[in-house]
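What follows is query07.cif (mmCIF, C-alpha atoms).
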```cif
data_protein
loop_
_atom_site.label_atom_id
_atom_site.label_comp_id
_atom_site.auth_asym_id
_atom_site.auth_seq_id
_atom_site.Cartn_x
_atom_site.Cartn_y
_atom_site.Cartn_z
CA MET A 1 -5.47 -1.77 25.46
CA THR A 2 -3.04 -3.01 22.82
CA GLN A 3 -0.83 -0.44 21.18
CA ILE A 4 -0.48 -0.55 17.41
CA THR A 5 2.83 0.65 16.02
CA VAL A 6 2.85 2.22 12.58
CA HIS A 7 6.23 1.48 11.04
CA ARG A 8 8.15 3.27 8.33
CA ILE A 9 8.33 1.38 5.03
CA LEU A 10 11.67 -0.43 5.24
CA PRO A 11 11.19 -1.70 8.82
CA MET A 12 7.73 -2.88 7.72
CA VAL A 13 9.33 -4.83 4.86
CA LYS A 14 11.62 -6.57 7.36
CA ARG A 15 8.66 -7.49 9.57
CA PHE A 16 6.81 -9.06 6.65
CA LEU A 17 9.90 -10.97 5.50
CA ALA A 18 10.62 -12.30 9.00
CA LYS A 19 7.07 -13.63 9.36
CA VAL A 20 7.30 -15.73 6.19
CA VAL A 21 10.92 -16.94 5.84
CA ALA A 22 11.89 -20.32 7.29
CA SER A 23 15.50 -21.45 7.59
CA SER A 24 15.23 -23.85 4.64
CA ASP A 25 13.59 -21.43 2.20
CA ALA A 26 14.91 -20.11 -1.10
CA VAL A 27 14.54 -16.33 -1.13
CA ILE A 28 15.27 -13.49 -3.55
CA ASP A 29 16.59 -9.97 -3.25
CA ALA A 30 15.72 -8.81 -6.76
CA THR A 31 17.63 -5.52 -6.36
CA ALA A 32 20.73 -6.08 -4.21
CA GLY A 33 21.70 -2.39 -4.21
CA ASN A 34 23.46 -1.52 -0.96
CA GLY A 35 23.07 -5.07 0.36
CA ASN A 36 20.90 -4.30 3.37
CA GLU A 37 17.97 -6.55 2.47
CA THR A 38 20.33 -9.24 1.16
CA ARG A 39 22.12 -9.36 4.51
CA TYR A 40 18.83 -9.41 6.40
CA LEU A 41 17.56 -12.33 4.30
CA ALA A 42 20.87 -14.17 4.82
CA GLU A 43 20.36 -13.82 8.57
CA LEU A 44 16.87 -15.33 8.26
CA VAL A 45 17.72 -18.39 6.17
CA GLY A 46 19.74 -21.36 7.34
CA GLU A 47 23.06 -22.76 6.17
CA GLU A 48 21.34 -25.17 3.77
CA SER A 49 19.31 -22.49 2.01
CA CYS A 50 20.11 -19.74 -0.45
CA VAL A 51 19.47 -16.05 -0.97
CA TYR A 52 19.61 -15.09 -4.65
CA ALA A 53 20.67 -11.44 -4.90
CA PHE A 54 20.37 -9.77 -8.30
CA ASP A 55 21.77 -6.50 -9.58
CA VAL A 56 22.79 -5.14 -12.98
CA GLN A 57 25.57 -3.06 -11.41
CA GLN A 58 28.78 -4.77 -10.37
CA VAL A 59 29.42 -2.02 -7.80
CA ALA A 60 26.17 -2.98 -6.05
CA LEU A 61 27.19 -6.63 -5.88
CA ALA A 62 30.62 -5.69 -4.51
CA THR A 63 29.01 -3.54 -1.81
CA THR A 64 26.60 -6.36 -0.99
CA ALA A 65 29.44 -8.90 -0.73
CA GLN A 66 31.26 -6.64 1.74
CA LYS A 67 28.15 -6.30 3.90
CA LEU A 68 27.60 -10.06 4.03
CA GLY A 69 30.86 -11.02 5.72
CA PRO A 70 30.55 -14.58 7.07
CA LEU A 71 26.99 -14.87 5.72
CA GLN A 72 28.25 -14.84 2.12
CA SER A 73 28.09 -18.65 1.95
CA ARG A 74 24.29 -18.37 2.11
CA VAL A 75 24.07 -15.96 -0.83
CA LYS A 76 24.43 -16.31 -4.58
CA LEU A 77 25.25 -12.91 -6.08
CA VAL A 78 23.91 -12.66 -9.62
CA HIS A 79 25.15 -9.98 -12.03
CA ASP A 80 22.02 -9.95 -14.16
CA GLY A 81 18.63 -8.27 -14.33
CA HIS A 82 15.87 -9.57 -12.09
CA GLU A 83 13.77 -10.32 -15.17
CA ASN A 84 15.99 -13.40 -15.64
CA VAL A 85 15.38 -14.67 -12.11
CA LEU A 86 14.06 -18.12 -13.03
CA GLN A 87 17.25 -18.94 -14.95
CA TYR A 88 19.11 -18.98 -11.62
CA ILE A 89 16.74 -20.41 -9.03
CA LYS A 90 17.68 -24.02 -8.32
CA HIS A 91 15.40 -24.68 -5.35
CA PRO A 92 11.83 -23.56 -6.01
CA PRO A 93 9.39 -22.85 -4.56
CA ILE A 94 10.41 -19.38 -3.49
CA ALA A 95 9.29 -18.16 -0.06
CA VAL A 96 9.84 -14.43 -0.49
CA ALA A 97 11.19 -11.90 -2.93
CA THR A 98 11.97 -8.28 -2.21
CA PHE A 99 12.40 -5.38 -4.63
CA ASN A 100 13.68 -1.91 -3.78
CA LEU A 101 13.00 0.11 -6.91
CA GLY A 102 14.72 3.25 -8.11
CA TYR A 103 18.45 3.81 -8.41
CA LEU A 104 21.60 3.03 -6.43
CA SER A 105 22.21 6.12 -4.30
CA TYR A 106 26.01 6.34 -4.60
CA ALA A 107 26.32 5.20 -8.22
CA ASN A 108 25.13 6.27 -11.66
CA THR A 109 21.62 7.63 -11.04
CA GLY A 110 20.89 7.15 -14.74
CA ILE A 111 20.72 3.42 -14.12
CA THR A 112 17.28 2.73 -12.65
CA THR A 113 14.92 -0.17 -12.39
CA LYS A 114 12.47 -0.28 -15.29
CA ALA A 115 8.77 -1.05 -15.30
CA GLN A 116 8.91 -3.67 -18.05
CA THR A 117 11.65 -5.79 -16.49
CA THR A 118 10.23 -5.43 -12.98
CA ILE A 119 6.78 -6.55 -14.11
CA GLN A 120 8.35 -9.46 -15.99
CA ALA A 121 10.30 -10.47 -12.86
CA ILE A 122 7.29 -10.22 -10.54
CA ASN A 123 5.13 -12.29 -12.89
CA ALA A 124 7.83 -14.98 -13.06
CA ILE A 125 8.32 -15.03 -9.30
CA VAL A 126 4.58 -15.24 -8.61
CA GLN A 127 4.52 -18.47 -10.65
CA SER A 128 7.31 -19.98 -8.48
CA LEU A 129 6.18 -18.54 -5.15
CA LYS A 130 4.98 -21.00 -2.53
CA CYS A 131 1.45 -20.71 -1.21
CA GLY A 132 1.61 -18.07 1.54
CA GLY A 133 4.80 -16.62 0.06
CA ILE A 134 5.18 -12.88 -0.39
CA ILE A 135 6.78 -10.30 -2.64
CA THR A 136 7.60 -6.87 -1.24
CA VAL A 137 8.13 -3.96 -3.61
CA SER A 138 9.45 -0.69 -2.16
CA ILE A 139 8.86 2.09 -4.65
CA TYR A 140 10.50 5.51 -4.72
CA GLN A 141 8.32 7.85 -6.73
CA GLY A 142 10.71 10.80 -6.71
CA HIS A 143 13.27 9.82 -9.34
CA ASP A 144 13.04 10.70 -13.02
CA ASP A 145 11.75 7.28 -14.03
CA GLY A 146 8.84 7.48 -11.59
CA ALA A 147 6.56 6.32 -14.40
CA GLU A 148 7.63 2.84 -13.31
CA SER A 149 5.33 3.25 -10.32
CA SER A 150 2.23 3.87 -12.46
CA ALA A 151 2.94 1.00 -14.84
CA LEU A 152 3.56 -1.36 -11.94
CA LEU A 153 0.29 -0.42 -10.24
CA VAL A 154 -1.64 -1.06 -13.45
CA ALA A 155 0.02 -4.44 -14.02
CA LEU A 156 -0.34 -5.67 -10.44
CA SER A 157 -3.97 -4.58 -10.21
CA GLN A 158 -4.68 -7.05 -13.01
CA LEU A 159 -3.34 -10.11 -11.16
CA GLU A 160 -5.99 -12.76 -10.45
CA GLN A 161 -7.52 -11.83 -7.09
CA LEU A 162 -8.18 -15.43 -6.10
CA ALA A 163 -4.51 -16.30 -6.62
CA VAL A 164 -2.70 -13.22 -5.30
CA HIS A 165 -3.56 -10.42 -2.90
CA VAL A 166 -1.90 -7.09 -3.64
CA ALA A 167 -1.85 -4.36 -0.98
CA ARG A 168 -0.36 -0.86 -0.82
CA TYR A 169 1.16 0.59 2.37
CA GLU A 170 2.07 4.26 2.50
CA LEU A 171 2.66 6.90 5.16
CA ILE A 172 0.78 9.81 3.66
CA ASN A 173 1.74 12.52 6.15
CA GLN A 174 5.51 12.23 5.69
CA ARG A 175 7.40 15.14 4.16
CA ASN A 176 8.36 14.18 0.61
CA HIS A 177 6.50 10.88 1.00
CA VAL A 178 8.08 9.38 -2.06
CA LEU A 179 8.33 5.81 -0.72
CA TYR A 180 5.52 3.28 -0.53
CA LEU A 181 5.27 -0.48 -0.31
CA LEU A 182 3.39 -2.97 -2.43
CA LEU A 183 2.88 -6.36 -0.80
CA LEU A 184 1.86 -9.41 -2.79
CA GLU A 185 0.77 -12.63 -1.09
CA LYS A 186 0.24 -15.83 -3.05
CA LEU A 187 -3.00 -17.51 -2.03
CA LYS A 188 -2.91 -20.63 -4.20
#
```
What does the file become when written as structure tokens?
Amino acid sequence: MTQITVHRILPMVKRFLAKVVASSDAVIDATAGNGNETRYLAELVGEESCVYAFDVQQVALATTAQKLGPLQSRVKLVHDGHENVLQYIKHPPIAVATFNLGYLSYANTGITTKAQTTIQAINAIVQSLKCGGIITVSIYQGHDDGAESSALLVALSQLEQLAVHVARYELINQRNHVLYLLLLEKLK
């Protein structure tokens, strides 16, 4: 009998990313934050590729740069909102993009991701995503701007089903289960 392991959200994100990223791919961390996903993506791509890491907070980019160490040559840190992603991508198509929505835990909690700009970014990335490419969106429902979650679900449910699959992954028996994952896969 084969054992199935149910993973928490962030390890599940890493599993999905690892299955899709090749060493030559262009990839995006749309919310650099603490730099964890940026570093992970930099480990997955090769020397000739690039991770584009976006954040509107300079403190997040500084933290990310520190976490990267020798991998920094594989990363372009972008001090801009993820809604402007296509202004910076020089090597489409994009293999993966990852979003970790909410706020930066050690910074100004009044600065949060917003539904409008996140939807704009996802729509732009879907257009430049390679066939079989994915977008992961980790959503924290517990912060004050949790309305972002509802707006995002409405917008993503309207994507063309023959072009993009959208799935939701959530551990429903976790105390304060405020985190869930949306996974988008481009079909054509």
Quick check, in Å to one decimal: how far apart do atom CA of A:Val78 and atom CA of A:Ser23 lie?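 Spanning atom CA of A:Val78 to atom CA of A:Ser23 is a straight-line distance of 21.1 Å.
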Could you check which of A:Ala32, A:Cys131, A:Val96, A:Ala42 is closest to A:His82, using all atoms listed in the file?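 So, comparing all the options, the nearest one is A:Ala32.
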List the spatial neighbours of stretch 159-171 of chain A as a compact mmCIF listing (two decimals) with C-alpha atoms, in the frame of the given file - criterion: any atom at most 9 Å away, only C-alpha atoms, same-chain residues fewer than 4 positions off excluded.
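The result, stored in around.txt:
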```
# COMPACT_ATOMS: atom_id res chain seq x y z
CA VAL A 6 2.85 2.22 12.58
CA HIS A 7 6.23 1.48 11.04
CA ARG A 8 8.15 3.27 8.33
CA ILE A 9 8.33 1.38 5.03
CA ASN A 123 5.13 -12.29 -12.89
CA VAL A 126 4.58 -15.24 -8.61
CA ALA A 155 0.02 -4.44 -14.02
CA HIS A 177 6.50 10.88 1.00
CA LEU A 179 8.33 5.81 -0.72
CA TYR A 180 5.52 3.28 -0.53
CA LEU A 181 5.27 -0.48 -0.31
CA LEU A 182 3.39 -2.97 -2.43
CA LEU A 183 2.88 -6.36 -0.80
CA LEU A 184 1.86 -9.41 -2.79
CA GLU A 185 0.77 -12.63 -1.09
CA LYS A 186 0.24 -15.83 -3.05
CA LEU A 187 -3.00 -17.51 -2.03
CA LYS A 188 -2.91 -20.63 -4.20
```
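Taking atom CA of A:Lys67 and atom CA of A:Glu83 as endpoints, the distance between them is 24.2 Å.
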Using all atoms listed in the file, pick whichever of A:Gln116, A:Thr31, A:Ser149, A:Ser49 has the shortest atom-to-atom distance to A:Asn100.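 The closest residue to A:Asn100 is A:Thr31.
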So how many Å separate atom CA of A:Tyr40 and atom CA of A:Lys14, to one decimal?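 Pair atom CA of A:Tyr40 / atom CA of A:Lys14 returns 7.8 Å.
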Using only C-alpha atoms, which protein or nucleic acid residues come within 9 Å of A:Leu17? Drop anything in the same chain fewer than 6 positions from it, and give the result as a ChimeraX atom specification. /A:41,44,96-98,134-136
Could you spell out the hits of the PyMOL selection byres ((chain A and resi 21) around 10) on the shown file, as a list in words?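 Selection result, ordered by chain and number: Phe16, Leu17, Ala18, Lys19, Val20, Ala22, Ser23, Ser24, Asp25, Ala26, Val27, Leu41, Leu44, Val45, Gly46, Ile94, Ala95, Val96, Gly133 and Ile134 of chain A.
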Shell of 12 Å around A:Gln66, only C-alpha atoms, local chain residues under 6 positions omitted, as a PyMOL selection string: chain A and resi 34-36+38-39+59-60+72+77
Pull C-alpha atoms from the residues just selected and write them as a compact mmCIF listing (two decimals), keeping the file's coordinate frame.
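New file out.txt:
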```
# COMPACT_ATOMS: atom_id res chain seq x y z
CA ASN A 34 23.46 -1.52 -0.96
CA GLY A 35 23.07 -5.07 0.36
CA ASN A 36 20.90 -4.30 3.37
CA THR A 38 20.33 -9.24 1.16
CA ARG A 39 22.12 -9.36 4.51
CA VAL A 59 29.42 -2.02 -7.80
CA ALA A 60 26.17 -2.98 -6.05
CA GLN A 72 28.25 -14.84 2.12
CA LEU A 77 25.25 -12.91 -6.08
```
As a check of understanding, name the residues that the PyMOL selection byres ((chain A and resi 33) around 10) selects in the supplied structure, as a VMD selection string. chain A and resid 29 to 32 34 to 38 53 to 64 99 to 107
Identify which of the residues A:Val137, A:Cys50, A:Leu10, A:Val154 lies closest to A:Lys76, counting all atoms listed in the file when measuring atom-to-atom distances.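 Of A:Val137, A:Cys50, A:Leu10, A:Val154, the one nearest A:Lys76, counting all atoms listed in the file, is A:Cys50.
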Please determine, counting only C-alpha atoms, which residue among A:Thr113, A:Gln158, A:His79, A:Arg175 has the shortest atom-to-atom distance to A:Ile139.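 Distance minimum relative to A:Ile139 lands on A:Thr113.
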Listed atoms of stretch 81-91 of chain A, axis-aligned box, 4 Å per side: centre and edge lengths to one decimal in Å, as JSON?
```
{"center_x": 16.4, "center_y": -16.5, "center_z": -10.5, "size_x": 13.3, "size_y": 24.4, "size_z": 18.3}
```
Using all atoms listed in the file, which residue out of A:Pro70, A:Glu48, A:Arg15, A:Leu129 lies closest to A:Leu86?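 Of A:Pro70, A:Glu48, A:Arg15, A:Leu129, the one nearest A:Leu86, counting all atoms listed in the file, is A:Leu129.
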